[in-house]
Amino acid sequence: MRFALILVLNVWFLMLNAQDSLRLKPSLLPLSSDTNLITLYQVFSDQPTGILNFREFPDDFQQVDPCWQNGLFYANLGNIGSSHKSLVYDAVPDIGFDMGFHAFDLYQLRTERAIFYKGLRPYTRVFYTQMSGQNNGLFRGTYGRELSKNLTLHLDYSRISHLGFYQRQKVKHTGLTLGLWYQGTQNRYKAWLMYGSNYNTQQDNGGISTDTLFDQELYAQRDAIPIKLSNADTRYVQYEANFAHLYSLIDPKKTGLLNLVHKIKYIKQQYKFSDQNQ
C-alpha cells in the first residue's frame, strides 16, 4: 500500500513538472491562426497585392448594402438589392460589345475581381446577416487554398435576398466565381482558368399608385399600399469563362520582367423583362 502511494505521488509530480516545462517552452505550443502568413494575389497576376492580418478586426459600423460600400454612392429603388444607378458617371471598362444593362453590377461576382490566397493553411471567410425577417438575408463565403505546390484554388459565393417594403419588391441575386491557378515548376509558366455565373432577379411594381393613403389606419403598413404593376419581373443571367497564361522570357530569379501573355474570354448574357398585364 505504501509502495503504491509513493508511485502515484511520483507520477503526479512528474506530470506537474512536464506541464511546467511546456509552459517554459513557447516553441512547443500550438501555432495560432495569427502566425499563418497568407498572401493575396489578384487573378491573372503573379505579383502579391497584400498580406492578410488576422490581428486587425473592424471596430466600427459595417455597411451591408453594396451601394454604400467602399465610398461608392449609388441611387437604388429604396431596398437592398434593387436596381441601382451610379451618381457619378464612369466609363464601362469592358472591351467589346456591351448590352448597356448595369443595374445589378454591384451584386455580381466577376472573374476579373477574384483573389487567390496562398499560405500554409486554407483560408475561409463567411459573412451572413439576416436583416429584417426570415426571408431577408445577405451571405458571402470565400475559400482559398493551395492544392499543391503548383496549383491554387479560388471559390467565392454570394446570395442576396430581400422582400422589400412595398408589394412586389422581392429581389434575389446569386453569384459564383471558381478558379484554378497553375504555376510551373520553374515558375516561368503560369495559367489561370476561371468560371463565373450571376443570377439576378427582381420583381417590379412600377411604384405606388397614390401617396394619399399613408395617414389612413387601414394602410399603416406599407405592403398594403396599392401599386401600379402586379406581374412584372426582371431577370438577368450571366455566364463567363476566362483563360489566361503567360511565359516569362527572363528567369524569375533575375531582375526584370518580360512576359508572353495570351488571354481568352467567353461571356453569355440573357436579359428578360416580362409583364403579363401588358
# chains A, B, ... in the order shown; residues from 1 in each chain; ligands from 1
>>> residues_around(residues="A:Ala191", least_positions_apart="3", cutoff="10 Å", atoms="only C-alpha atoms", output="short mmCIF file (atom, residue, chain, number, x, y, z; two decimals) with N, CA and C atoms, in the first residue's frame")
data_model
loop_
_atom_site.label_atom_id
_atom_site.label_comp_id
_atom_site.auth_asym_id
_atom_site.auth_seq_id
_atom_site.Cartn_x
_atom_site.Cartn_y
_atom_site.Cartn_z
N PHE A 44 -4.91 36.64 -62.60
CA PHE A 44 -4.14 36.96 -63.80
C PHE A 44 -2.87 37.77 -63.48
N SER A 45 -2.42 37.70 -62.24
CA SER A 45 -1.18 38.38 -61.85
C SER A 45 -0.42 37.49 -60.87
N ASP A 46 0.90 37.42 -61.05
CA ASP A 46 1.72 36.63 -60.14
C ASP A 46 2.46 37.52 -59.14
N LEU A 151 -0.56 24.27 -57.71
CA LEU A 151 -1.97 24.52 -58.01
C LEU A 151 -2.67 25.18 -56.83
N LEU A 180 -8.81 28.14 -60.88
CA LEU A 180 -7.56 27.43 -60.59
C LEU A 180 -6.39 28.25 -61.14
N TRP A 181 -5.31 28.25 -60.39
CA TRP A 181 -4.09 28.95 -60.79
C TRP A 181 -2.95 27.93 -60.77
N TYR A 182 -2.34 27.75 -61.95
CA TYR A 182 -1.24 26.79 -62.07
C TYR A 182 0.08 27.54 -62.25
N GLN A 183 1.09 27.11 -61.50
CA GLN A 183 2.43 27.65 -61.61
C GLN A 183 3.40 26.52 -61.92
N GLY A 184 4.20 26.69 -62.98
CA GLY A 184 5.15 25.67 -63.37
C GLY A 184 6.25 25.47 -62.34
N PHE A 243 -9.66 32.32 -69.54
CA PHE A 243 -8.41 31.56 -69.52
C PHE A 243 -7.27 32.49 -69.91
N ALA A 244 -6.25 32.51 -69.12
CA ALA A 244 -5.08 33.34 -69.40
C ALA A 244 -3.84 32.58 -68.99
N HIS A 245 -2.77 32.72 -69.78
CA HIS A 245 -1.50 32.13 -69.40
C HIS A 245 -0.36 33.02 -69.89
N LEU A 246 0.77 32.88 -69.23
CA LEU A 246 1.93 33.68 -69.58
C LEU A 246 3.20 32.84 -69.42
N TYR A 247 4.20 33.26 -70.16
CA TYR A 247 5.51 32.61 -70.07
C TYR A 247 6.56 33.71 -69.92
N VAL A 261 2.05 36.89 -73.07
CA VAL A 261 0.75 36.72 -72.42
C VAL A 261 -0.32 36.48 -73.47
N HIS A 262 -1.22 35.56 -73.14
CA HIS A 262 -2.36 35.28 -74.03
C HIS A 262 -3.60 35.10 -73.15
N LYS A 263 -4.70 35.78 -73.54
CA LYS A 263 -5.95 35.70 -72.80
C LYS A 263 -7.12 35.45 -73.74
#
>>> closest_atom_pairs(of="stretch 122-191 of chain A", to="stretch 230-235 of chain A", cutoff="10 Å", atoms="only C-alpha atoms", output="tab-separated table")
residue	atom	partner	partner_atom	distance
A:Gln167	CA	A:Ser230	CA	8.4
A:Arg168	CA	A:Ser230	CA	7.1
A:Gln169	CA	A:Asp233	CA	9.7
A:Lys170	CA	A:Asp233	CA	9.7
A:Val171	CA	A:Thr234	CA	9.5
A:Lys172	CA	A:Arg235	CA	9.8
A:His173	CA	A:Arg235	CA	9.9
>>> select_by_dssp(residues="stretch 83-239 of chain A", states="strand (DSSP E or B)", output="JSON, numbers by chain")
{"A": [84, 85, 86, 115, 116, 117, 118, 123, 124, 125, 126, 127, 128, 129, 137, 138, 139, 140, 141, 142, 143, 144, 145, 146, 151, 152, 153, 154, 155, 156, 157, 158, 159, 160, 161, 162, 171, 172, 173, 174, 175, 176, 177, 178, 179, 180, 181, 182, 183, 189, 190, 191, 192, 193, 194, 195, 196, 197, 198, 199, 200, 201, 202, 203, 204, 208, 227, 232, 233, 234, 235, 236, 237, 238, 239]}
>>> residues_around(residues="A:Tyr128", least_positions_apart="2", cutoff="7 Å", atoms="only C-alpha atoms", output="PyMOL selection string")
chain A and resi 126+130+138-140
>>> write_last_selection(atoms="N, CA and C atoms", output="PDB file, in the first residue's frame")
ATOM      1  N   VAL A 126     -16.563  33.774 -43.948  1.00  0.00           N
ATOM      2  CA  VAL A 126     -18.008  33.668 -44.149  1.00  0.00           C
ATOM      3  C   VAL A 126     -18.682  34.844 -43.453  1.00  0.00           C
ATOM      4  N   GLN A 130     -29.076  38.560 -41.349  1.00  0.00           N
ATOM      5  CA  GLN A 130     -30.472  38.235 -41.672  1.00  0.00           C
ATOM      6  C   GLN A 130     -31.269  39.472 -42.025  1.00  0.00           C
ATOM      7  N   LEU A 138     -28.315  38.249 -46.369  1.00  0.00           N
ATOM      8  CA  LEU A 138     -27.161  38.536 -47.214  1.00  0.00           C
ATOM      9  C   LEU A 138     -26.028  37.619 -46.776  1.00  0.00           C
ATOM     10  N   PHE A 139     -25.517  36.814 -47.716  1.00  0.00           N
ATOM     11  CA  PHE A 139     -24.476  35.831 -47.416  1.00  0.00           C
ATOM     12  C   PHE A 139     -23.300  36.014 -48.367  1.00  0.00           C
ATOM     13  N   ARG A 140     -22.091  35.851 -47.842  1.00  0.00           N
ATOM     14  CA  ARG A 140     -20.888  35.879 -48.673  1.00  0.00           C
ATOM     15  C   ARG A 140     -19.890  34.883 -48.087  1.00  0.00           C
TER      16      ARG A 140
END
>>> closest_residue(among="A:Val88, A:Ile51, A:Ile250, A:Ile267", to="A:Thr111", atoms="only C-alpha atoms")
A:Ile267
>>> closest_atom_pairs(of="stretch 115-217 of chain A", to="stretch 96-104 of chain A", cutoff="10 Å", atoms="only C-alpha atoms", output="tab-separated table")
residue	atom	partner	partner_atom	distance
A:His173	CA	A:Phe104	CA	8.7
A:Asn198	CA	A:Phe104	CA	9.7
A:Tyr199	CA	A:Phe104	CA	9.8
A:Asn200	CA	A:Phe104	CA	7.1
A:Thr201	CA	A:Phe104	CA	9.4
A:Gln202	CA	A:Phe104	CA	9.9
>>> closest_residue(among="A:Leu258, A:Gly81, A:Phe127, A:Ser197", to="A:Gln62", atoms="only C-alpha atoms")
A:Phe127
>>> closest_residue(among="A:Ala91, A:Leu40, A:Leu147, A:Ile160", to="A:Asp65", atoms="only C-alpha atoms")
A:Ile160
>>> atom_distance(atom1="atom CA of A:Tyr143", atom2="atom CA of A:Tyr41")
13.6 Å
>>> select_by_dssp(residues="stretch 170-263 of chain A", states="helix (DSSP H, G or I)", output="mmCIF file with N, CA and C atoms, in the first residue's frame")
data_model
loop_
_atom_site.group_PDB
_atom_site.id
_atom_site.type_symbol
_atom_site.label_atom_id
_atom_site.label_comp_id
_atom_site.auth_asym_id
_atom_site.auth_seq_id
_atom_site.Cartn_x
_atom_site.Cartn_y
_atom_site.Cartn_z
ATOM 1 N N GLU A 217 -55.498 54.480 -41.250
ATOM 2 C CA GLU A 217 -55.121 53.357 -40.404
ATOM 3 C C GLU A 217 -55.076 52.047 -41.196
ATOM 4 N N LEU A 218 -55.956 51.884 -42.168
ATOM 5 C CA LEU A 218 -56.007 50.649 -42.945
ATOM 6 C C LEU A 218 -54.709 50.427 -43.724
ATOM 7 N N TYR A 219 -54.043 51.519 -44.097
ATOM 8 C CA TYR A 219 -52.827 51.421 -44.908
ATOM 9 C C TYR A 219 -51.582 51.818 -44.109
ATOM 10 N N ARG A 222 -46.839 49.520 -45.099
ATOM 11 C CA ARG A 222 -46.515 49.912 -46.472
ATOM 12 C C ARG A 222 -46.842 48.819 -47.491
ATOM 13 N N ASP A 223 -46.854 47.538 -47.060
ATOM 14 C CA ASP A 223 -47.164 46.477 -48.012
ATOM 15 C C ASP A 223 -48.650 46.441 -48.369
ATOM 16 N N ALA A 224 -49.468 47.311 -47.763
ATOM 17 C CA ALA A 224 -50.885 47.404 -48.116
ATOM 18 C C ALA A 224 -51.155 48.516 -49.127
#
>>> atom_distance(atom1="atom CA of A:Lys85", atom2="atom CA of A:Leu106")
10.0 Å
